[in-house]
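Engineer: Input file: structure36.txt. Contents: compact mmCIF, C-alpha atoms and all ligand atoms.
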# COMPACT_ATOMS: atom_id res chain seq x y z
CA MET A 1 -9.98 -28.20 -6.66
CA SER A 2 -6.60 -29.93 -6.43
CA ASP A 3 -3.38 -28.09 -5.65
CA SER A 4 -2.15 -28.45 -9.20
CA GLU A 5 -5.42 -27.16 -10.66
CA ARG A 6 -5.25 -24.19 -8.35
CA SER A 7 -1.73 -23.44 -9.32
CA GLU A 8 -2.59 -23.75 -13.03
CA ASN A 9 -5.51 -21.34 -12.60
CA ARG A 10 -3.23 -18.96 -10.80
CA GLU A 11 -0.68 -19.06 -13.62
CA ARG A 12 -3.39 -18.47 -16.19
CA GLU A 13 -4.86 -15.56 -14.26
CA LEU A 14 -1.47 -13.95 -13.79
CA ALA A 15 -0.61 -14.38 -17.49
CA ALA A 16 -3.91 -12.74 -18.51
CA ILE A 17 -3.29 -9.76 -16.25
CA LEU A 18 0.31 -9.34 -17.39
CA GLU A 19 -0.90 -9.33 -20.98
CA ARG A 20 -3.41 -6.58 -20.21
CA LYS A 21 -0.78 -4.74 -18.18
CA PRO A 22 2.40 -4.66 -20.25
CA GLY A 23 4.05 -2.26 -17.79
CA THR A 24 4.10 -4.79 -14.96
CA GLU A 25 5.95 -8.01 -14.23
CA ALA A 26 5.23 -11.07 -12.09
CA ILE A 27 6.85 -11.12 -8.66
CA PRO A 28 7.65 -14.41 -6.90
CA ASP A 29 5.65 -15.41 -3.86
CA PHE A 30 7.74 -18.01 -2.08
CA GLU A 31 4.78 -19.67 -0.42
CA ASP A 32 2.65 -19.52 -3.57
CA ARG A 33 -0.16 -18.05 -1.50
CA TYR A 34 -0.95 -14.85 -3.33
CA ARG A 35 -2.79 -15.46 -6.55
CA VAL A 36 -1.89 -12.29 -8.34
CA VAL A 37 1.04 -9.99 -7.89
CA GLY A 38 2.36 -7.66 -10.54
CA ALA A 39 4.98 -4.97 -9.99
CA ALA A 40 5.30 -1.64 -11.77
CA ASP A 41 8.31 -0.84 -13.95
CA ARG A 42 10.89 1.67 -12.68
CA SER A 43 10.08 4.08 -15.52
CA THR A 44 6.69 4.74 -13.82
CA TYR A 45 8.66 6.55 -11.07
CA ALA A 46 9.73 9.24 -13.56
CA ASN A 47 6.08 10.17 -14.22
CA TRP A 48 3.38 11.50 -11.94
CA LEU A 49 0.36 9.52 -13.15
CA THR A 50 0.62 5.75 -13.45
CA PRO A 51 -1.43 4.47 -16.42
CA VAL A 52 -3.77 1.70 -15.26
CA GLU A 53 -1.97 -0.80 -17.48
CA ASP A 54 1.27 -0.07 -15.56
CA HIS A 55 -0.30 0.06 -12.06
CA TYR A 56 0.86 -2.74 -9.77
CA VAL A 57 -1.69 -5.39 -8.75
CA CYS A 58 -1.83 -7.39 -5.53
CA HIS A 59 -4.45 -9.70 -4.11
CA ARG A 60 -4.81 -12.95 -2.31
CA ASN A 61 -7.77 -14.76 -3.81
CA GLU A 62 -9.11 -15.37 -7.28
CA THR A 63 -9.94 -12.16 -9.15
CA LEU A 64 -13.68 -11.49 -9.14
CA ASP A 65 -15.30 -10.20 -12.31
CA PRO A 66 -18.92 -9.73 -11.27
CA GLU A 67 -21.91 -8.40 -13.21
CA ILE A 68 -22.06 -4.71 -12.36
CA ASP A 69 -25.86 -4.67 -12.34
CA ASP A 70 -26.08 -7.46 -9.78
CA TRP A 71 -23.53 -6.08 -7.32
CA THR A 72 -24.60 -4.54 -4.01
CA VAL A 73 -22.74 -3.20 -1.01
CA GLU A 74 -24.50 -3.98 2.24
CA LEU A 75 -24.39 -1.09 4.72
CA THR A 76 -25.19 -2.13 8.30
CA GLY A 77 -24.18 -1.82 11.97
CA ALA A 78 -24.64 1.47 13.81
CA VAL A 79 -26.84 3.10 11.15
CA ASP A 80 -30.46 4.30 11.33
CA ARG A 81 -31.24 2.63 8.05
CA ASP A 82 -29.62 -0.58 6.71
CA ALA A 83 -29.20 -0.61 2.94
CA ASP A 84 -28.09 -2.69 -0.01
CA LEU A 85 -26.42 -0.09 -2.20
CA ASP A 86 -26.41 -0.96 -5.88
CA MET A 87 -24.08 0.66 -8.39
CA LYS A 88 -26.74 2.97 -9.79
CA THR A 89 -27.36 4.37 -6.31
CA ILE A 90 -23.65 4.75 -5.56
CA ARG A 91 -23.05 6.54 -8.87
CA GLU A 92 -26.18 8.68 -9.07
CA ASP A 93 -27.34 9.50 -5.54
CA TYR A 94 -24.06 10.95 -4.29
CA PRO A 95 -21.53 13.48 -5.51
CA ALA A 96 -18.66 12.10 -7.58
CA VAL A 97 -15.25 13.15 -6.33
CA ALA A 98 -11.80 12.27 -7.62
CA VAL A 99 -8.90 11.69 -5.26
CA ALA A 100 -5.23 11.36 -6.13
CA HIS A 101 -3.79 8.41 -4.25
CA THR A 102 -0.39 6.78 -4.11
CA MET A 103 -1.22 3.12 -3.57
CA GLU A 104 1.63 1.26 -1.89
CA CYS A 105 1.56 -2.34 -0.74
CA ALA A 106 2.64 -2.53 2.91
CA GLY A 107 5.03 -5.25 1.73
CA ASN A 108 6.76 -3.00 -0.81
CA GLY A 109 10.52 -3.46 -0.23
CA ARG A 110 10.02 -6.78 1.58
CA GLY A 111 12.39 -8.46 -0.87
CA TYR A 112 15.26 -6.45 0.69
CA PHE A 113 14.86 -7.97 4.18
CA GLU A 114 17.72 -10.20 5.41
CA PRO A 115 17.05 -12.83 6.51
CA GLU A 116 14.21 -12.96 4.05
CA THR A 117 10.63 -13.03 5.20
CA GLY A 118 8.03 -15.20 3.47
CA ASN A 119 5.43 -14.01 1.03
CA VAL A 120 5.62 -11.74 -1.99
CA GLN A 121 9.21 -10.65 -2.61
CA TRP A 122 8.48 -7.08 -3.69
CA GLU A 123 11.46 -4.86 -4.32
CA TYR A 124 10.53 -1.28 -5.31
CA GLY A 125 7.60 -1.97 -7.67
CA ALA A 126 4.53 -2.16 -5.41
CA VAL A 127 3.68 1.54 -5.51
CA SER A 128 1.71 3.49 -8.13
CA THR A 129 -0.29 6.73 -8.37
CA ALA A 130 -3.70 7.19 -9.97
CA PHE A 131 -6.88 9.23 -9.77
CA TRP A 132 -9.76 7.30 -8.21
CA THR A 133 -13.34 8.52 -8.67
CA GLY A 134 -16.28 7.64 -6.46
CA ALA A 135 -18.84 8.60 -3.83
CA PRO A 136 -17.60 10.23 -0.60
CA LEU A 137 -18.31 7.94 2.35
CA SER A 138 -19.16 11.05 4.38
CA SER A 139 -22.22 11.53 2.11
CA VAL A 140 -23.23 7.87 2.08
CA LEU A 141 -22.94 7.50 5.87
CA ALA A 142 -24.82 10.75 6.60
CA ASP A 143 -27.61 9.60 4.29
CA HIS A 144 -28.10 6.48 6.41
CA GLY A 145 -27.81 8.08 9.82
CA ALA A 146 -24.56 6.36 10.72
CA ALA A 147 -22.97 6.81 14.16
CA THR A 148 -19.80 8.58 13.15
CA ASP A 149 -18.37 9.80 16.45
CA ASP A 150 -14.63 9.99 16.84
CA GLY A 151 -13.32 6.58 17.91
CA THR A 152 -15.82 4.57 15.87
CA TRP A 153 -14.70 2.45 12.91
CA LEU A 154 -15.91 1.41 9.50
CA THR A 155 -15.27 -2.24 8.71
CA ALA A 156 -15.16 -3.13 5.00
CA VAL A 157 -15.43 -6.67 3.64
CA GLY A 158 -14.36 -7.87 0.20
CA GLY A 159 -16.44 -10.33 -1.80
CA ASP A 160 -13.42 -12.53 -2.57
CA HIS A 161 -12.64 -15.69 -0.61
CA PRO A 162 -10.00 -18.45 -0.56
CA GLU A 163 -10.66 -21.60 -2.56
CA VAL A 164 -9.09 -23.67 0.22
CA ASP A 165 -11.59 -24.52 2.97
CA ALA A 166 -8.86 -24.78 5.58
CA GLU A 167 -8.05 -21.11 4.95
CA ASN A 168 -11.56 -19.92 5.48
CA ASP A 169 -10.84 -16.24 6.00
CA ARG A 170 -12.51 -13.17 4.57
CA PHE A 171 -10.75 -10.03 3.45
CA ALA A 172 -11.91 -7.39 5.94
CA ARG A 173 -10.32 -4.15 7.12
CA SER A 174 -11.37 -1.54 9.66
CA VAL A 175 -10.68 2.13 9.04
CA PRO A 176 -11.06 4.76 11.79
CA MET A 177 -14.11 6.97 11.28
CA SER A 178 -12.12 10.23 11.34
CA LYS A 179 -10.20 9.05 8.25
CA VAL A 180 -13.36 7.70 6.60
CA LEU A 181 -15.13 11.06 6.94
CA ASP A 182 -12.06 13.00 5.91
CA ASP A 183 -11.43 11.59 2.43
CA CYS A 184 -12.42 7.95 1.86
CA ILE A 185 -14.56 7.09 -1.16
CA LEU A 186 -16.43 4.20 -2.71
CA ALA A 187 -14.35 4.15 -5.89
CA TYR A 188 -15.81 2.91 -9.16
CA GLU A 189 -13.37 4.51 -11.63
CA VAL A 190 -9.60 4.75 -11.92
CA ASN A 191 -8.01 7.35 -14.22
CA GLY A 192 -11.48 8.03 -15.65
CA GLU A 193 -12.24 4.41 -16.63
CA PRO A 194 -14.50 1.91 -14.85
CA LEU A 195 -12.43 -0.23 -12.48
CA PRO A 196 -10.89 -3.22 -14.26
CA PRO A 197 -11.61 -6.56 -12.52
CA GLU A 198 -8.15 -6.81 -10.96
CA HIS A 199 -8.53 -3.40 -9.27
CA GLY A 200 -11.84 -4.32 -7.64
CA ARG A 201 -14.67 -4.02 -10.17
CA PRO A 202 -17.27 -2.75 -9.69
CA VAL A 203 -16.44 -0.85 -6.48
CA ARG A 204 -13.73 -0.69 -3.86
CA LEU A 205 -13.05 1.22 -0.70
CA LEU A 206 -10.34 3.80 -1.37
CA VAL A 207 -8.35 5.05 1.63
CA PRO A 208 -6.11 7.87 0.32
CA GLY A 209 -2.45 7.77 1.36
CA TRP A 210 -2.82 4.56 3.38
CA TYR A 211 -1.19 1.22 2.59
CA GLY A 212 -2.98 -0.64 -0.21
CA VAL A 213 -4.33 -3.33 2.12
CA ASN A 214 -6.85 -0.83 3.54
CA SER A 215 -8.44 -0.24 0.13
CA VAL A 216 -10.71 -3.29 0.02
CA LYS A 217 -11.50 -4.44 -3.54
CA TRP A 218 -14.80 -6.00 -4.66
CA LEU A 219 -16.41 -4.25 -1.70
CA SER A 220 -19.44 -6.21 -0.50
CA GLU A 221 -20.14 -5.14 3.10
CA LEU A 222 -19.70 -2.03 5.22
CA HIS A 223 -20.25 -2.22 8.99
CA VAL A 224 -20.31 0.86 11.20
CA THR A 225 -18.73 -0.49 14.36
CA GLU A 226 -17.63 0.66 17.79
CA LYS A 227 -14.34 -1.17 17.63
CA MET A 228 -12.19 -2.44 14.85
CA VAL A 229 -12.88 -5.95 13.58
CA HIS A 230 -11.91 -8.31 16.43
CA GLY A 231 -13.23 -10.92 18.88
CA PRO A 232 -15.20 -14.17 18.67
CA GLU A 233 -18.10 -12.72 16.70
CA TRP A 234 -15.76 -11.84 13.82
CA GLU A 235 -13.27 -14.69 14.28
CA ASP A 236 -16.04 -17.16 13.56
CA ARG A 237 -18.79 -15.56 11.53
CA ASP A 238 -20.59 -18.41 9.80
CA GLY A 239 -17.41 -20.43 10.03
CA ALA A 240 -15.16 -17.78 8.45
CA ASP A 241 -12.50 -15.62 10.12
CA TYR A 242 -12.92 -11.93 9.30
CA THR A 243 -10.16 -10.69 11.62
CA LYS A 244 -7.05 -12.14 10.02
CA TRP A 245 -6.20 -9.28 7.63
CA GLN A 246 -6.59 -6.64 10.33
CA GLN A 247 -5.34 -8.36 13.47
CA SER A 248 -2.67 -10.86 12.48
CA SER A 249 -1.53 -10.23 8.90
CA TYR A 250 -0.25 -6.73 8.16
CA ARG A 251 0.94 -6.11 11.74
CA ILE A 252 4.53 -5.03 12.39
CA HIS A 253 6.17 -7.38 14.89
CA PRO A 254 9.41 -9.29 15.64
CA GLU A 255 9.91 -12.91 14.67
CA GLY A 256 7.73 -15.57 16.32
CA VAL A 257 5.22 -13.15 17.87
CA GLU A 258 1.47 -13.50 17.38
CA PRO A 259 0.23 -9.93 17.80
CA GLU A 260 -2.61 -9.52 20.27
CA SER A 261 -5.97 -8.63 18.81
CA ARG A 262 -6.98 -5.09 19.81
CA GLU A 263 -10.30 -3.29 19.96
CA THR A 264 -8.86 0.05 19.06
CA VAL A 265 -5.75 2.23 18.84
CA SER A 266 -5.46 5.91 19.57
CA THR A 267 -3.00 6.85 16.86
CA TYR A 268 -3.54 5.94 13.24
CA ASP A 269 -0.19 7.10 11.93
CA THR A 270 1.93 3.99 11.25
CA TRP A 271 5.24 5.67 12.08
CA GLU A 272 3.80 7.17 15.25
CA GLN A 273 2.60 3.72 16.32
CA GLN A 274 6.07 2.35 15.60
CA ALA A 275 7.63 5.07 17.78
CA SER A 276 5.14 4.86 20.66
CA ASP A 277 4.62 2.52 23.62
CA GLU A 278 0.88 2.31 23.19
CA VAL A 279 0.73 -0.11 20.28
CA ASP A 280 3.00 -3.13 20.71
CA HIS A 281 2.62 -4.34 17.17
CA PRO A 282 1.60 -1.50 14.86
CA TYR A 283 -1.06 -1.72 12.19
CA THR A 284 -0.18 -0.74 8.64
CA PHE A 285 -2.34 2.34 8.16
CA ASP A 286 -0.86 5.43 6.50
CA GLU A 287 2.30 5.08 4.43
CA ASN A 288 5.74 5.88 5.87
CA VAL A 289 7.82 8.56 4.14
CA LYS A 290 9.70 7.05 1.19
CA SER A 291 11.16 7.82 -2.24
CA THR A 292 12.28 6.00 -5.38
CA ILE A 293 14.41 7.06 -8.31
CA GLY A 294 12.67 6.60 -11.68
CA TYR A 295 15.40 7.86 -14.02
CA PRO A 296 18.06 6.71 -14.70
CA ASP A 297 17.25 3.02 -14.47
CA ASP A 298 19.36 0.66 -12.38
CA GLY A 299 22.25 -0.63 -14.49
CA ALA A 300 21.79 2.08 -17.16
CA THR A 301 24.54 3.85 -19.07
CA VAL A 302 23.57 7.48 -19.59
CA SER A 303 24.99 10.46 -21.46
CA PRO A 304 24.88 14.03 -20.12
CA ARG A 305 22.84 16.60 -22.07
CA GLY A 306 24.44 19.37 -24.12
CA ASP A 307 25.09 21.45 -21.00
CA GLY A 308 26.85 18.53 -19.30
CA THR A 309 24.03 17.76 -16.87
CA ILE A 310 21.75 14.79 -16.23
CA GLU A 311 18.30 15.25 -14.71
CA VAL A 312 17.75 12.56 -12.07
CA VAL A 313 13.98 12.15 -11.60
CA GLY A 314 11.96 10.26 -9.03
CA VAL A 315 8.97 10.31 -6.70
CA ALA A 316 8.62 10.87 -2.94
CA TRP A 317 5.59 10.36 -0.73
CA ALA A 318 4.53 10.26 2.91
CA GLY A 319 1.02 8.77 3.00
CA ASP A 320 -1.49 11.36 4.13
CA ASP A 321 1.32 13.57 5.44
CA GLN A 322 3.22 16.00 3.25
CA VAL A 323 6.68 15.16 1.97
CA THR A 324 8.72 18.32 2.49
CA GLU A 325 12.33 17.56 1.64
CA ILE A 326 14.21 15.41 -0.87
CA GLU A 327 17.94 14.75 -0.95
CA VAL A 328 19.93 12.86 -3.57
CA SER A 329 23.30 11.17 -3.13
CA THR A 330 25.54 10.17 -6.03
CA ASP A 331 27.99 8.22 -3.84
CA GLY A 332 25.73 5.67 -2.20
CA GLY A 333 24.73 7.87 0.74
CA ASP A 334 28.01 9.48 1.93
CA GLY A 335 27.17 12.96 0.69
CA TRP A 336 23.75 14.49 0.05
CA ASP A 337 22.46 17.39 -2.10
CA GLU A 338 19.02 18.95 -2.08
CA GLY A 339 16.69 17.99 -4.91
CA SER A 340 13.59 19.99 -5.78
CA PHE A 341 9.93 19.09 -6.13
CA PHE A 342 7.95 19.85 -9.27
CA GLY A 343 4.62 18.94 -10.85
CA PRO A 344 1.29 18.19 -9.14
CA ASN A 345 0.93 18.58 -5.38
CA TYR A 346 -2.08 16.69 -4.04
CA ASP A 347 -2.70 15.38 -0.54
CA CYS A 348 -2.07 11.63 -0.35
CA ALA A 349 -0.16 11.36 -3.64
CA TRP A 350 3.54 11.34 -4.34
CA ARG A 351 5.51 14.34 -5.62
CA LEU A 352 7.93 14.27 -8.52
CA PHE A 353 11.46 15.43 -7.72
CA ARG A 354 14.46 16.31 -9.82
CA TYR A 355 18.15 16.67 -9.15
CA VAL A 356 20.26 18.35 -11.78
CA TRP A 357 23.56 16.52 -11.74
CA GLU A 358 26.83 17.43 -13.47
CA PRO A 359 28.85 14.22 -13.42
CA SER A 360 32.23 13.27 -14.85
CA PRO A 361 32.31 9.98 -16.74
CA GLY A 362 32.37 6.99 -14.37
CA SER A 363 30.26 4.68 -12.21
CA TYR A 364 27.92 5.99 -9.54
CA THR A 365 25.50 4.78 -6.89
CA LEU A 366 22.46 7.06 -6.85
CA VAL A 367 20.05 7.07 -3.96
CA SER A 368 17.31 9.39 -2.70
CA ARG A 369 16.11 10.21 0.82
CA ALA A 370 12.87 12.00 1.70
CA THR A 371 11.69 13.78 4.86
CA ASP A 372 8.08 14.47 5.81
CA GLU A 373 6.39 17.49 7.41
CA HIS A 374 7.03 16.05 10.89
CA GLY A 375 10.77 15.88 10.22
CA ARG A 376 10.73 12.10 9.86
CA ARG A 377 13.44 11.03 7.43
CA GLN A 378 14.00 7.73 5.64
CA PRO A 379 16.50 5.60 7.61
CA ALA A 380 19.58 4.18 5.88
CA ARG A 381 19.22 0.41 6.22
CA ILE A 382 16.97 -2.40 7.37
CA SER A 383 18.10 -3.81 10.72
CA ARG A 384 18.76 -7.47 11.52
CA PRO A 385 16.14 -9.33 13.60
CA ASP A 386 18.33 -9.37 16.75
CA ALA A 387 18.62 -5.58 16.66
CA ASP A 388 14.84 -5.30 16.50
CA GLU A 389 14.48 -7.36 19.67
CA ALA A 390 16.67 -4.96 21.63
CA GLU A 391 14.56 -2.03 20.47
CA THR A 392 11.32 -3.66 21.52
CA GLU A 393 12.63 -4.25 25.04
CA ASP A 394 13.36 -0.61 25.74
CA GLY A 395 10.02 0.32 24.27
CA GLU A 396 11.63 2.35 21.55
CA GLY A 397 11.31 0.47 18.28
CA GLY A 398 10.10 2.52 15.40
CA ALA A 399 11.66 3.74 12.25
CA ASP A 400 13.20 6.83 13.76
CA ASP A 401 15.78 5.26 16.05
CA SER A 402 19.19 6.83 16.32
CA ASP A 403 21.19 4.11 14.55
CA ASP A 404 19.38 4.98 11.34
CA GLU A 405 17.86 1.55 10.71
CA TYR A 406 14.37 0.44 9.84
CA PRO A 407 13.36 -2.43 12.16
CA TRP A 408 13.34 -5.86 10.52
CA ASN A 409 9.89 -7.36 11.16
CA GLU A 410 8.51 -10.78 10.46
CA GLY A 411 5.98 -9.75 7.81
CA GLY A 412 8.41 -7.42 6.03
CA TYR A 413 6.03 -4.46 6.36
CA ALA A 414 6.25 -0.69 5.92
CA GLU A 415 9.94 -0.70 4.97
CA ASN A 416 11.28 2.73 4.05
CA ALA A 417 15.09 2.50 4.20
CA TYR A 418 16.89 4.27 1.37
CA ALA A 419 20.04 2.19 0.83
CA PRO A 420 18.29 -0.89 -0.65
CA HIS A 421 16.71 1.40 -3.24
CA ALA A 422 20.04 2.62 -4.68
CA VAL A 423 20.59 2.43 -8.45
CA GLU A 424 23.95 1.80 -10.15
CA VAL A 425 24.58 4.10 -13.09
CA THR A 426 27.41 4.52 -15.58
CA VAL A 427 27.98 7.94 -17.15
CA ASP A 428 29.72 7.88 -20.52
CA ARG A 429 31.60 10.66 -22.25
CA GLU A 430 29.09 12.03 -24.74
N1 LIG A 501 -10.87 -7.76 -1.45
C1 LIG A 501 -9.55 -7.58 -1.46
N2 LIG A 501 -9.07 -6.32 -1.44
C2 LIG A 501 -7.74 -6.09 -1.46
C3 LIG A 501 -6.82 -7.17 -1.48
C4 LIG A 501 -7.34 -8.49 -1.49
O1 LIG A 501 -6.58 -9.48 -1.50
N3 LIG A 501 -8.71 -8.66 -1.49
N4 LIG A 501 -5.47 -6.91 -1.49
C5 LIG A 501 -5.08 -5.62 -0.86
C6 LIG A 501 -3.69 -5.32 -1.01
S1 LIG A 501 -2.63 -6.21 -0.03
C7 LIG A 501 -3.22 -4.29 -1.80
S2 LIG A 501 -1.59 -3.87 -1.80
C8 LIG A 501 -4.15 -3.54 -2.68
C9 LIG A 501 -3.63 -3.49 -4.10
O2 LIG A 501 -4.53 -2.78 -4.90
P1 LIG A 501 -4.33 -2.82 -6.49
O3 LIG A 501 -4.22 -4.26 -6.91
O4 LIG A 501 -5.50 -2.12 -7.07
O5 LIG A 501 -3.04 -2.09 -6.79
O6 LIG A 501 -5.45 -4.10 -2.66
C10 LIG A 501 -5.92 -4.47 -1.37
N5 LIG A 501 -7.32 -4.81 -1.44
MO MO A 502 -0.51 -5.45 -0.39
Is it possible to express this structure as structure tokens?
Ligand SMILES: Nc1nc2c(c(=O)[nH]1)N[C@H]1C(S)=C(S)[C@@H](COP(=O)(O)O)O[C@H]1N2
Ligand SMILES: [Mo]
Structural biologist:
Amino acid sequence: MSDSERSENRERELAAILERKPGTEAIPDFEDRYRVVGAADRSTYANWLTPVEDHYVCHRNETLDPEIDDWTVELTGAVDRDADLDMKTIREDYPAVAVAHTMECAGNGRGYFEPETGNVQWEYGAVSTAFWTGAPLSSVLADHGAATDDGTWLTAVGGDHPEVDAENDRFARSVPMSKVLDDCILAYEVNGEPLPPEHGRPVRLLVPGWYGVNSVKWLSELHVTEKMVHGPEWEDRDGADYTKWQQSSYRIHPEGVEPESRETVSTYDTWEQQASDEVDHPYTFDENVKSTIGYPDDGATVSPRGDGTIEVVGVAWAGDDQVTEIEVSTDGGDGWDEGSFFGPNYDCAWRLFRYVWEPSPGSYTLVSRATDEHGRRQPARISRPDADEAETEDGEGGADDSDDEYPWNEGGYAENAYAPHAVEVTVDRE
């Protein structure tokens, strides 16, 4: 396939998905490397459940649309019994559970980095919440006598692959066994419907509350392993590199650094890795605390209700941790008032918040700031690369440094600063 054919296919595929998903829009990828990226509209952040047609989409290779009856997931590695699980087995032999999950691309907010990083220039739109239904991995692994001791890993491989031979990598991710047993599922439905092709038909790994990259679509292999995917055996498995998406992409590191490949880490919390000395270049596992205003829209002119108030509504989340506090500023972050949570409260999914505001007519900069159960609060800004270097030297780094900045990093990952997410609003008289 020539470059121009590939790019035409990509355009066609994106157009088809945008037509099926009217609530999303195409997002530029400066290097033209991601095939499909669609961002959710801001109005989805004023509602708890994201309809599938508004849910953002992100993947690297051509969308697979396989025959459901022909699909199998190979289960192998440290198990008593290897298996090729077909969809009938996955659906009928195990309990069906539904999990609420806020899916966020680890690159959400990357478009706010200065200087800009490469890749998909997401602003706020790469986060959505849905119910995912499937078989608990705890049941599937027990059924096959898997070694599930603490410290072991489950490595998941997607059936998609690049069309360019020179980029012969496979989409593989390793998830620590404690998380797998806790709440991960083999998901075959989203919001009660069979998975559409772009969300991983017929089955994907679903890792609740963790960055989207961990939830491998078009799941084709599961390996119970001692270590996460790394080393020569995985770097060249029949000529393909299975380690890239775990060990080099989706790591948080300063400019010009190639992160070292690791066998394991002892903390799986992204923020904790960012704040600790143990992991030099953190992995993007669970989602950092963050919030987004859904109403009013950026640039909107709004009128107060009969009682003179406006209800500012948004969502706040903290991965598999609880979000415990939400503050709203109407002056761009100088002063803060408490907002309140309402609506559903599930582990690993965002919470709706409201702030009842009584404004005079004029122009305002609204912004929200969330805090999680560990007292970790969204920082104000994204740092500059030189600032990040200084942090790395003293071993501090991390999102919780005292100057209230999120560290600029080369991949533009895990950003959770509040200032870039501000919305400009005009309040009129009526
Ligand atoms: N097999 C496979 N799985 C994948 C990807 C991919 O490129 N290939 N992209 C990942 C990334 S980066 C994200 S953010 C989520 C997005 O899931 P969604 O498109 O269902 O929202 O899928 C993840 N799973
Ligand atoms: Mo992503």
Engineer: Report as an MDAnalysis selection string all protein, DNA and RNA residues lying within 12 Å of Ala156 in chain A, evaluated on all atoms listed in the file, omitting residues in the same chain fewer than 4 positions from it.
Structural biologist: chainID A and resid 73:77 137 170:177 180 184:186 203:207 213:225 228:229 242:243 245:246
Engineer: Could you list, as a ChimeraX atom specification, all protein and nucleic acid residues with an atom at most 7 Å from ligand LIG 501 (chain A), counting all atoms listed in the file?
Structural biologist: /A:55-61,103-106,157-160,171,198-200,211-219
Engineer: Taking (6.0, -1.2, -2.1) in the coordinates of the supplied file, I want to know which residues reach to within 6 Å of it, counting only C-alpha atoms; could you give the answer as a PyMOL selection string?
Structural biologist: chain A and resi 104-105+107-109+124-127
Engineer: Which residues are close to range 304-313 of chain A, i.e. within 8 Å by all atoms listed in the file, leaving aside same-chain residues fewer than 6 positions away? Reply as a list in words.
Structural biologist: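 So the residues in contact are Tyr45, Ala46, Ile293, Gly294, Tyr295, Pro296, Leu352, Phe353, Arg354, Tyr355, Val356, Trp357, Glu358, Pro359, Val427, Asp428, Arg429 and Glu430 of chain A.
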Engineer: What's the 10 Å shell around Val425 in chain A, counting all atoms listed in the file, without same-chain residues fewer than 6 positions away, as a list in words?
Structural biologist: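 Residues near the query, excluding close chain neighbours: Tyr295, Pro296, Asp297, Asp298, Gly299, Ala300, Thr301, Val302, Thr330, Gly362, Ser363, Tyr364, Thr365 and Leu366 of chain A.
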Engineer: Closest to ligand MO 502 (chain A) among A:Val120, A:Val99, A:Ala130, A:Val52, using only C-alpha atoms and all ligand atoms?
Structural biologist: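 For ligand MO 502 (chain A), the nearest of the given residues is A:Val120.
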Engineer: So the first atom is CA of Gly239 in chain A and the second is CA of Val79 in chain A; what is the distance between them in Å, to one decimal place?
Structural biologist: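 CA of Val79 in chain A lies at a distance of 25.4 Å from CA of Gly239 in chain A.
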Engineer: Could you list, as a PDB file with C-alpha atoms, in the frame of the given file, every residue within 8 Å of Ala316 in chain A, counting only C-alpha atoms and ignoring same-chain residues fewer than 2 positions away?
Structural biologist:
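Below is the file result_24.pdb, written as the result:
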ATOM      1  CA  VAL A 289       7.820   8.560   4.140  1.00  0.00           C
ATOM      2  CA  LYS A 290       9.700   7.050   1.190  1.00  0.00           C
ATOM      3  CA  SER A 291      11.160   7.820  -2.240  1.00  0.00           C
ATOM      4  CA  THR A 292      12.280   6.000  -5.380  1.00  0.00           C
ATOM      5  CA  GLY A 314      11.960  10.260  -9.030  1.00  0.00           C
ATOM      6  CA  ALA A 318       4.530  10.260   2.910  1.00  0.00           C
ATOM      7  CA  VAL A 323       6.680  15.160   1.970  1.00  0.00           C
ATOM      8  CA  ILE A 326      14.210  15.410  -0.870  1.00  0.00           C
ATOM      9  CA  TRP A 350       3.540  11.340  -4.340  1.00  0.00           C
ATOM     10  CA  ARG A 351       5.510  14.340  -5.620  1.00  0.00           C
ATOM     11  CA  LEU A 352       7.930  14.270  -8.520  1.00  0.00           C
ATOM     12  CA  PHE A 353      11.460  15.430  -7.720  1.00  0.00           C
ATOM     13  CA  ALA A 370      12.870  12.000   1.700  1.00  0.00           C
TER      14      ALA A 370
END
Engineer: Can you pull out every residue within 8 Å of Thr284 in chain A, counting all atoms listed in the file, but drop anything in the same chain fewer than 6 positions away, and send it as JSON, numbers by chain?
Structural biologist: {"A": [106, 210, 211, 250, 251, 252, 270, 413, 414]}
Engineer: Tell me, counting only C-alpha atoms, for each residue of range 66-122 of chain A within 7 Å of range 19-32 of chain A, which pair of atoms is nearest and how far apart they are in Å to one decimal, in rows ordered by chain and increasing number, as a Markdown table.
Structural biologist:
| residue | atom | partner | partner_atom | distance |
| --- | --- | --- | --- | --- |
| A:Gly118 | CA | A:Phe30 | CA | 6.2 |
| A:Asn119 | CA | A:Asp29 | CA | 5.1 |
| A:Val120 | CA | A:Asp29 | CA | 4.1 |
| A:Gln121 | CA | A:Pro28 | CA | 5.9 |
| A:Trp122 | CA | A:Ile27 | CA | 6.6 |
Engineer: Measure the distance from CA of Arg384 in chain A to CA of Phe113 in chain A in Å and round it to one decimal.
Structural biologist: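 We find that CA of Arg384 in chain A and CA of Phe113 in chain A lie 8.3 Å from each other.
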Engineer: Given the choices A:Asn47, A:Ser383, A:Ser266, A:Thr63, which gets closest to Gly151 in chain A if the distance is worked out from all atoms listed in the file?
Structural biologist: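 Looking at the shortest contact to Gly151 in chain A, the residue is A:Ser266.
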Engineer: Would you mind telling me which residue in A:Glu287, A:Glu263, A:Asp277, A:Asp149 lies nearest to ligand MO 502 (chain A) when using only C-alpha atoms and all ligand atoms?
Structural biologist: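 For ligand MO 502 (chain A), the nearest of the candidates is A:Glu287.
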Engineer: Work out how far apart CA of Lys244 in chain A and CA of Val279 in chain A are and give it in Å to one decimal.
Structural biologist: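 Separation between CA of Lys244 in chain A and CA of Val279 in chain A: 17.6 Å.
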